[in-house]
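Source file run.cif; content: mmCIF, C-alpha atoms.
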```cif
data_structure
loop_
_atom_site.label_atom_id
_atom_site.label_comp_id
_atom_site.auth_asym_id
_atom_site.auth_seq_id
_atom_site.Cartn_x
_atom_site.Cartn_y
_atom_site.Cartn_z
CA MET O 35 9.15 48.32 45.27
CA ASN O 36 8.44 51.94 44.44
CA ILE O 37 5.01 53.17 43.31
CA VAL O 38 4.82 56.52 41.56
CA GLU O 39 1.94 58.48 40.09
CA VAL O 40 2.15 59.10 36.35
CA ASN O 41 2.87 62.72 35.45
CA ASP O 42 4.43 64.61 32.54
CA SER O 43 7.94 63.44 33.46
CA ASN O 44 7.14 59.70 33.31
CA ALA O 45 4.10 59.49 30.99
CA HIS O 46 6.38 58.08 28.28
CA VAL O 47 7.24 55.14 30.56
CA TYR O 48 3.54 54.40 31.03
CA ALA O 49 2.97 54.66 27.27
CA ASN O 50 5.84 52.27 26.56
CA LEU O 51 4.67 49.67 29.09
CA TYR O 52 1.11 50.02 27.83
CA GLN O 53 2.17 48.60 24.47
CA GLY O 54 2.85 45.22 26.11
CA TYR O 55 -0.54 45.38 27.81
CA GLY O 56 -2.25 46.28 24.55
CA ALA O 57 -0.52 43.45 22.71
CA GLU O 58 -1.37 40.91 25.42
CA PHE O 59 -5.08 41.75 25.35
CA SER O 60 -5.35 42.41 21.60
CA GLN O 61 -6.52 38.89 20.84
CA ILE O 62 -9.10 38.87 23.64
CA ILE O 63 -10.68 42.25 22.82
CA ASP O 64 -9.94 42.14 19.06
CA ASP O 65 -7.84 45.28 19.16
CA LYS O 66 -5.21 46.17 16.59
CA PRO O 67 -2.38 48.70 16.66
CA ASN O 68 -2.56 51.89 14.62
CA GLU O 69 -0.58 52.50 11.43
CA ASN O 70 2.52 53.23 13.54
CA GLY O 71 2.26 49.89 15.31
CA SER O 72 1.11 51.40 18.63
CA PHE O 73 -1.93 50.55 20.67
CA GLU O 74 -4.13 53.45 21.70
CA ILE O 75 -3.97 54.10 25.43
CA TYR O 76 -7.49 53.68 26.74
CA PRO O 77 -8.57 55.23 28.91
CA GLU O 78 -6.41 58.31 28.71
CA LEU O 79 -4.88 59.48 31.96
CA LYS O 80 -6.83 62.67 32.47
CA GLY O 81 -9.69 63.98 34.54
CA ASN O 82 -10.45 61.49 37.31
CA ILE O 83 -8.24 58.76 35.82
CA THR O 84 -4.82 58.46 37.42
CA GLY O 85 -2.00 56.21 36.31
CA TYR O 86 0.53 54.57 38.58
CA LEU O 87 3.81 52.86 37.78
CA LEU O 88 5.60 50.25 39.81
CA TYR O 89 9.39 50.23 39.79
CA ILE O 90 11.49 47.38 41.11
CA ASP O 91 15.16 48.19 41.61
CA GLY O 92 14.70 51.24 39.39
CA VAL O 93 13.17 49.24 36.53
CA PRO O 94 9.56 49.86 35.43
CA ALA O 95 7.68 46.64 36.17
CA ALA O 96 3.93 47.37 36.10
CA LEU O 97 1.22 49.92 35.45
CA THR O 98 -2.33 50.59 36.48
CA ALA O 99 -4.98 53.18 35.60
CA ILE O 100 -7.55 53.96 38.30
CA ASP O 101 -10.72 55.95 37.77
CA GLU O 102 -12.05 57.80 40.81
CA LYS O 103 -15.69 57.64 39.70
CA SER O 104 -16.82 59.64 42.72
CA TYR O 105 -15.19 60.53 46.02
CA LYS O 106 -13.31 57.42 47.30
CA THR O 107 -15.09 55.18 44.76
CA TYR O 108 -12.60 53.60 42.37
CA GLU O 109 -12.54 51.40 39.30
CA ILE O 110 -9.39 49.71 38.07
CA CYS O 111 -9.38 50.40 34.34
CA ASP O 112 -6.06 48.82 33.38
CA PHE O 113 -3.57 46.67 35.23
CA TYR O 114 -0.44 45.12 33.73
CA VAL O 115 2.67 43.49 35.12
CA LEU O 116 5.49 42.76 32.69
CA PRO O 117 5.87 39.00 32.25
CA CYS O 118 9.45 39.03 33.61
CA PHE O 119 8.10 40.40 36.92
CA ARG O 120 5.16 38.00 37.29
CA ARG O 121 6.51 36.14 40.26
CA ASN O 122 6.82 36.67 43.96
CA LYS O 123 3.33 38.23 44.04
CA VAL O 124 4.60 41.54 42.64
CA GLY O 125 1.24 42.46 41.08
CA LYS O 126 -0.63 41.52 44.24
CA GLN O 127 1.67 43.68 46.38
CA PHE O 128 1.44 46.57 43.92
CA ILE O 129 -2.35 46.77 43.88
CA SER O 130 -2.73 45.94 47.58
CA ASN O 131 -0.51 48.93 48.37
CA LEU O 132 -2.77 51.13 46.25
CA PHE O 133 -5.91 49.69 47.91
CA GLU O 134 -4.41 50.73 51.27
CA LEU O 135 -3.22 54.12 50.07
CA LEU O 136 -6.49 55.15 48.44
CA SER O 137 -8.93 53.21 50.67
CA GLY O 138 -12.61 53.59 49.70
CA SER O 139 -14.76 51.34 47.52
CA TRP O 140 -13.44 49.37 44.56
CA GLU O 141 -14.69 47.78 41.36
CA ILE O 142 -12.55 45.54 39.13
CA LYS O 143 -13.80 44.10 35.83
CA GLN O 144 -12.36 41.43 33.56
CA VAL O 145 -13.46 40.95 29.95
CA ALA O 146 -14.79 37.61 28.77
CA GLY O 147 -11.91 35.35 27.74
CA ALA O 148 -9.40 36.82 30.19
CA ASP O 149 -9.52 33.78 32.45
CA HIS O 150 -6.02 34.42 33.82
CA ALA O 151 -7.13 37.91 34.87
CA VAL O 152 -10.27 36.56 36.57
CA SER O 153 -8.14 34.09 38.56
CA PHE O 154 -5.63 36.80 39.50
CA TRP O 155 -8.29 39.26 40.70
CA ARG O 156 -10.24 36.64 42.63
CA ASN O 157 -7.06 35.70 44.46
CA VAL O 158 -6.03 39.29 45.15
CA VAL O 159 -9.44 40.53 46.30
CA SER O 160 -10.19 37.40 48.32
CA ASP O 161 -6.91 37.68 50.23
CA TYR O 162 -7.13 41.45 50.66
CA THR O 163 -10.71 41.44 51.94
CA SER O 164 -10.65 38.11 53.81
CA ASN O 165 -13.32 36.93 51.34
CA ASN O 166 -15.53 39.94 52.10
CA TYR O 167 -16.35 40.99 48.53
CA VAL O 168 -19.06 40.53 45.92
CA GLU O 169 -18.48 38.98 42.52
CA ASP O 170 -20.97 39.01 39.69
CA MET O 171 -21.31 39.09 35.94
CA TYR O 172 -22.01 42.56 34.63
CA GLN O 173 -23.02 43.91 31.21
CA ASP O 174 -20.53 46.70 30.60
CA HIS O 175 -21.42 49.32 27.98
CA LYS O 176 -17.96 49.08 26.35
CA TRP O 177 -16.70 45.56 27.07
CA GLY O 178 -19.88 43.46 27.05
CA LEU O 179 -20.27 40.75 29.66
CA VAL O 180 -17.53 41.05 32.29
CA THR O 181 -16.69 39.39 35.58
CA ARG O 182 -16.71 41.98 38.33
CA GLN O 183 -15.42 42.08 41.91
CA CYS O 184 -16.54 44.85 44.29
CA PHE O 185 -15.54 45.66 47.85
CA SER O 186 -15.43 48.51 50.29
CA HIS O 187 -12.87 49.17 53.00
CA ARG O 188 -15.66 49.85 55.48
CA ASN O 189 -16.73 46.18 55.11
CA ILE O 190 -13.31 44.60 55.55
CA PRO O 191 -12.66 43.02 58.96
CA GLN O 192 -9.74 44.63 60.80
CA LYS O 193 -6.58 42.54 60.64
#
```

Conversion result in structure tokens:
Amino acid sequence: MNIVEVNDSNAHVYANLYQGYGAEFSQIIDDKPNENGSFEIYPELKGNITGYLLYIDGVPAALTAIDEKSYKTYEICDFYVLPCFRRNKVGKQFISNLFELLSGSWEIKQVAGADHAVSFWRNVVSDYTSNNYVEDMYQDHKWGLVTRQCFSHRNIPQK
């Protein structure tokens, strides 16, 4: 498992993987590809938004986009694991490593209808925080009503 930050040399890998993510969520968020058959990458990886790629045995397996909204305060904007890698808790290990690396406070939102994502994030955050997190329903300006999990490293019991 190798996690790398997205930069100019691997942005094309992120863009390619993002197409699977866009297709998977297109039905839920009523998104369609452009005239070239590509989904728009949203949000763009610029400013405070950083992309990360997960490689397993040299093969790109997952992506995430994380917005540092303020110092050490993060929101996970996108998270996608290729279906062929969705076993052995690969996604859970990927994001848990980033939680540890970046520390701070976290917010994760799932759009209405993404029940599999809600289950995944509840499991990940519950395990990572030893159930020391807050979950609520939140009216997001872009996505409408979302399920949201929030936690801070300062509130997590030491393991």

| query | Near O:Lys126, within 10 Å and counting all atoms listed in the file, which residues show up once chain neighbours fewer than 4 positions away are dropped, as JSON, numbers by chain? | reply | {"O": [115, 120, 121, 122, 130, 131, 154, 155, 157, 158, 159, 161, 162]}

| query | Selected by the PyMOL selection byres ((chain O and resi 140-149) around 8) in the shown coordinates: which residues, as a list in words? | reply | Ile62, Ile63, Thr107, Tyr108, Glu109, Ile110, Cys111, Gly138, Ser139, His150, Ala151, Val152, Ser153, Trp155, Trp177, Gly178, Leu179, Val180, Thr181, Arg182, Gln183, Cys184, Phe185 and Ser186 of chain O

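Across the model, the gap from atom CA of O:Thr98 to atom CA of O:Pro77 is 10.9 Å.
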
| task | Quick one: apply the PyMOL selection byres ((chain O and resi 80) around 12) to the file and drop the selected residues here as a list in words. | result |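 Output from the PyMOL selection byres ((chain O and resi 80) around 12), applied to this file: Val40, Asn41, Asp42, Ala45, Ile75, Tyr76, Pro77, Glu78, Leu79, Gly81, Asn82, Ile83, Thr84, Gly85, Ala99, Ile100, Asp101 and Glu102 of chain O.
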
| task | Evaluate the PyMOL selection byres ((chain O and resi 67) around 12) here and jot the selected residues down as a PyMOL selection string. | result | chain O and resi 52-61+64-66+68-75

Take the structure in the block and write a file for stretch 134-180 of chain O, N, CA and C atoms, as a PDB file, in the first residue's frame.
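Written output follows (out.pdb):
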```pdb
ATOM      1  N   GLU O 134      -4.427   9.615  10.188  1.00  0.00           N
ATOM      2  CA  GLU O 134      -3.244   9.653  11.052  1.00  0.00           C
ATOM      3  C   GLU O 134      -2.218  10.670  10.561  1.00  0.00           C
ATOM      4  N   LEU O 135      -1.959  10.654   9.279  1.00  0.00           N
ATOM      5  CA  LEU O 135      -0.956  11.539   8.694  1.00  0.00           C
ATOM      6  C   LEU O 135      -1.311  13.010   8.892  1.00  0.00           C
ATOM      7  N   LEU O 136      -2.567  13.359   8.633  1.00  0.00           N
ATOM      8  CA  LEU O 136      -2.979  14.755   8.656  1.00  0.00           C
ATOM      9  C   LEU O 136      -3.487  15.208  10.022  1.00  0.00           C
ATOM     10  N   SER O 137      -4.001  14.271  10.821  1.00  0.00           N
ATOM     11  CA  SER O 137      -4.530  14.555  12.152  1.00  0.00           C
ATOM     12  C   SER O 137      -5.672  15.553  12.064  1.00  0.00           C
ATOM     13  N   GLY O 138      -5.894  16.380  13.068  1.00  0.00           N
ATOM     14  CA  GLY O 138      -6.878  17.447  13.011  1.00  0.00           C
ATOM     15  C   GLY O 138      -8.324  17.022  13.184  1.00  0.00           C
ATOM     16  N   SER O 139      -9.229  17.862  12.646  1.00  0.00           N
ATOM     17  CA  SER O 139     -10.667  17.632  12.705  1.00  0.00           C
ATOM     18  C   SER O 139     -11.174  17.281  11.314  1.00  0.00           C
ATOM     19  N   TRP O 140     -12.184  16.413  11.273  1.00  0.00           N
ATOM     20  CA  TRP O 140     -12.656  15.862  10.001  1.00  0.00           C
ATOM     21  C   TRP O 140     -14.168  15.943   9.860  1.00  0.00           C
ATOM     22  N   GLU O 141     -14.594  16.137   8.611  1.00  0.00           N
ATOM     23  CA  GLU O 141     -16.003  16.119   8.242  1.00  0.00           C
ATOM     24  C   GLU O 141     -16.130  15.274   6.973  1.00  0.00           C
ATOM     25  N   ILE O 142     -17.085  14.341   6.991  1.00  0.00           N
ATOM     26  CA  ILE O 142     -17.335  13.480   5.837  1.00  0.00           C
ATOM     27  C   ILE O 142     -18.828  13.515   5.568  1.00  0.00           C
ATOM     28  N   LYS O 143     -19.216  13.759   4.309  1.00  0.00           N
ATOM     29  CA  LYS O 143     -20.631  13.857   3.964  1.00  0.00           C
ATOM     30  C   LYS O 143     -20.972  12.843   2.867  1.00  0.00           C
ATOM     31  N   GLN O 144     -22.184  12.285   2.971  1.00  0.00           N
ATOM     32  CA  GLN O 144     -22.676  11.380   1.947  1.00  0.00           C
ATOM     33  C   GLN O 144     -24.025  11.881   1.448  1.00  0.00           C
ATOM     34  N   VAL O 145     -24.169  11.926   0.131  1.00  0.00           N
ATOM     35  CA  VAL O 145     -25.412  12.407  -0.474  1.00  0.00           C
ATOM     36  C   VAL O 145     -26.541  11.406  -0.239  1.00  0.00           C
ATOM     37  N   ALA O 146     -27.755  11.926  -0.225  1.00  0.00           N
ATOM     38  CA  ALA O 146     -28.936  11.077  -0.086  1.00  0.00           C
ATOM     39  C   ALA O 146     -28.951  10.044  -1.213  1.00  0.00           C
ATOM     40  N   GLY O 147     -29.222   8.808  -0.859  1.00  0.00           N
ATOM     41  CA  GLY O 147     -29.255   7.722  -1.825  1.00  0.00           C
ATOM     42  C   GLY O 147     -27.981   6.900  -1.880  1.00  0.00           C
ATOM     43  N   ALA O 148     -26.914   7.404  -1.293  1.00  0.00           N
ATOM     44  CA  ALA O 148     -25.638   6.679  -1.293  1.00  0.00           C
ATOM     45  C   ALA O 148     -25.536   5.844  -0.024  1.00  0.00           C
ATOM     46  N   ASP O 149     -26.486   4.930   0.150  1.00  0.00           N
ATOM     47  CA  ASP O 149     -26.560   4.139   1.377  1.00  0.00           C
ATOM     48  C   ASP O 149     -25.297   3.325   1.626  1.00  0.00           C
ATOM     49  N   HIS O 150     -24.701   2.792   0.555  1.00  0.00           N
ATOM     50  CA  HIS O 150     -23.449   2.034   0.717  1.00  0.00           C
ATOM     51  C   HIS O 150     -22.336   2.926   1.271  1.00  0.00           C
ATOM     52  N   ALA O 151     -22.314   4.186   0.846  1.00  0.00           N
ATOM     53  CA  ALA O 151     -21.295   5.113   1.346  1.00  0.00           C
ATOM     54  C   ALA O 151     -21.543   5.449   2.820  1.00  0.00           C
ATOM     55  N   VAL O 152     -22.804   5.628   3.195  1.00  0.00           N
ATOM     56  CA  VAL O 152     -23.132   5.910   4.597  1.00  0.00           C
ATOM     57  C   VAL O 152     -22.655   4.750   5.470  1.00  0.00           C
ATOM     58  N   SER O 153     -22.942   3.524   5.057  1.00  0.00           N
ATOM     59  CA  SER O 153     -22.514   2.340   5.824  1.00  0.00           C
ATOM     60  C   SER O 153     -20.995   2.273   5.928  1.00  0.00           C
ATOM     61  N   PHE O 154     -20.317   2.512   4.812  1.00  0.00           N
ATOM     62  CA  PHE O 154     -18.852   2.476   4.803  1.00  0.00           C
ATOM     63  C   PHE O 154     -18.283   3.497   5.783  1.00  0.00           C
ATOM     64  N   TRP O 155     -18.747   4.760   5.700  1.00  0.00           N
ATOM     65  CA  TRP O 155     -18.180   5.807   6.541  1.00  0.00           C
ATOM     66  C   TRP O 155     -18.522   5.611   8.008  1.00  0.00           C
ATOM     67  N   ARG O 156     -19.709   5.132   8.300  1.00  0.00           N
ATOM     68  CA  ARG O 156     -20.046   4.845   9.701  1.00  0.00           C
ATOM     69  C   ARG O 156     -19.076   3.812  10.270  1.00  0.00           C
ATOM     70  N   ASN O 157     -18.818   2.779   9.506  1.00  0.00           N
ATOM     71  CA  ASN O 157     -17.914   1.722   9.945  1.00  0.00           C
ATOM     72  C   ASN O 157     -16.494   2.256  10.140  1.00  0.00           C
ATOM     73  N   VAL O 158     -16.005   2.996   9.161  1.00  0.00           N
ATOM     74  CA  VAL O 158     -14.644   3.527   9.226  1.00  0.00           C
ATOM     75  C   VAL O 158     -14.476   4.473  10.412  1.00  0.00           C
ATOM     76  N   VAL O 159     -15.360   5.449  10.519  1.00  0.00           N
ATOM     77  CA  VAL O 159     -15.229   6.476  11.553  1.00  0.00           C
ATOM     78  C   VAL O 159     -15.474   5.883  12.939  1.00  0.00           C
ATOM     79  N   SER O 160     -16.424   4.982  13.044  1.00  0.00           N
ATOM     80  CA  SER O 160     -16.692   4.331  14.331  1.00  0.00           C
ATOM     81  C   SER O 160     -15.462   3.568  14.816  1.00  0.00           C
ATOM     82  N   ASP O 161     -14.876   2.771  13.942  1.00  0.00           N
ATOM     83  CA  ASP O 161     -13.667   2.019  14.315  1.00  0.00           C
ATOM     84  C   ASP O 161     -12.498   2.955  14.623  1.00  0.00           C
ATOM     85  N   TYR O 162     -12.290   3.947  13.775  1.00  0.00           N
ATOM     86  CA  TYR O 162     -11.135   4.822  13.931  1.00  0.00           C
ATOM     87  C   TYR O 162     -11.203   5.628  15.226  1.00  0.00           C
ATOM     88  N   THR O 163     -12.404   6.074  15.584  1.00  0.00           N
ATOM     89  CA  THR O 163     -12.561   6.956  16.746  1.00  0.00           C
ATOM     90  C   THR O 163     -13.020   6.227  18.002  1.00  0.00           C
ATOM     91  N   SER O 164     -13.167   4.914  17.933  1.00  0.00           N
ATOM     92  CA  SER O 164     -13.758   4.152  19.044  1.00  0.00           C
ATOM     93  C   SER O 164     -15.130   4.728  19.412  1.00  0.00           C
ATOM     94  N   ASN O 165     -15.924   4.974  18.382  1.00  0.00           N
ATOM     95  CA  ASN O 165     -17.288   5.521  18.502  1.00  0.00           C
ATOM     96  C   ASN O 165     -17.349   6.942  19.055  1.00  0.00           C
ATOM     97  N   ASN O 166     -16.265   7.675  18.990  1.00  0.00           N
ATOM     98  CA  ASN O 166     -16.231   9.028  19.523  1.00  0.00           C
ATOM     99  C   ASN O 166     -16.349  10.041  18.371  1.00  0.00           C
ATOM    100  N   TYR O 167     -17.527  10.066  17.759  1.00  0.00           N
ATOM    101  CA  TYR O 167     -17.793  10.985  16.657  1.00  0.00           C
ATOM    102  C   TYR O 167     -19.247  11.409  16.707  1.00  0.00           C
ATOM    103  N   VAL O 168     -19.584  12.414  15.929  1.00  0.00           N
ATOM    104  CA  VAL O 168     -20.953  12.924  15.843  1.00  0.00           C
ATOM    105  C   VAL O 168     -21.453  12.663  14.433  1.00  0.00           C
ATOM    106  N   GLU O 169     -22.684  12.184  14.341  1.00  0.00           N
ATOM    107  CA  GLU O 169     -23.319  12.024  13.035  1.00  0.00           C
ATOM    108  C   GLU O 169     -24.623  12.795  13.049  1.00  0.00           C
ATOM    109  N   ASP O 170     -24.880  13.494  11.951  1.00  0.00           N
ATOM    110  CA  ASP O 170     -26.138  14.216  11.824  1.00  0.00           C
ATOM    111  C   ASP O 170     -26.544  14.284  10.365  1.00  0.00           C
ATOM    112  N   MET O 171     -27.693  14.872  10.133  1.00  0.00           N
ATOM    113  CA  MET O 171     -28.153  15.178   8.791  1.00  0.00           C
ATOM    114  C   MET O 171     -27.902  16.669   8.607  1.00  0.00           C
ATOM    115  N   TYR O 172     -27.415  17.043   7.457  1.00  0.00           N
ATOM    116  CA  TYR O 172     -26.952  18.400   7.224  1.00  0.00           C
ATOM    117  C   TYR O 172     -27.450  18.866   5.864  1.00  0.00           C
ATOM    118  N   GLN O 173     -27.920  20.095   5.783  1.00  0.00           N
ATOM    119  CA  GLN O 173     -28.358  20.671   4.507  1.00  0.00           C
ATOM    120  C   GLN O 173     -27.161  21.339   3.839  1.00  0.00           C
ATOM    121  N   ASP O 174     -26.588  20.661   2.870  1.00  0.00           N
ATOM    122  CA  ASP O 174     -25.419  21.161   2.168  1.00  0.00           C
ATOM    123  C   ASP O 174     -25.867  22.078   1.028  1.00  0.00           C
ATOM    124  N   HIS O 175     -25.149  23.172   0.814  1.00  0.00           N
ATOM    125  CA  HIS O 175     -25.538  24.129  -0.220  1.00  0.00           C
ATOM    126  C   HIS O 175     -25.488  23.538  -1.629  1.00  0.00           C
ATOM    127  N   LYS O 176     -24.625  22.567  -1.865  1.00  0.00           N
ATOM    128  CA  LYS O 176     -24.519  21.953  -3.206  1.00  0.00           C
ATOM    129  C   LYS O 176     -25.289  20.647  -3.316  1.00  0.00           C
ATOM    130  N   TRP O 177     -25.219  19.794  -2.295  1.00  0.00           N
ATOM    131  CA  TRP O 177     -25.720  18.429  -2.398  1.00  0.00           C
ATOM    132  C   TRP O 177     -27.089  18.208  -1.760  1.00  0.00           C
ATOM    133  N   GLY O 178     -27.636  19.202  -1.100  1.00  0.00           N
ATOM    134  CA  GLY O 178     -28.919  19.023  -0.422  1.00  0.00           C
ATOM    135  C   GLY O 178     -28.701  18.316   0.909  1.00  0.00           C
ATOM    136  N   LEU O 179     -29.692  17.524   1.309  1.00  0.00           N
ATOM    137  CA  LEU O 179     -29.608  16.838   2.589  1.00  0.00           C
ATOM    138  C   LEU O 179     -28.569  15.712   2.517  1.00  0.00           C
ATOM    139  N   VAL O 180     -27.587  15.769   3.398  1.00  0.00           N
ATOM    140  CA  VAL O 180     -26.524  14.759   3.439  1.00  0.00           C
ATOM    141  C   VAL O 180     -26.417  14.186   4.838  1.00  0.00           C
TER     142      VAL O 180
END
```
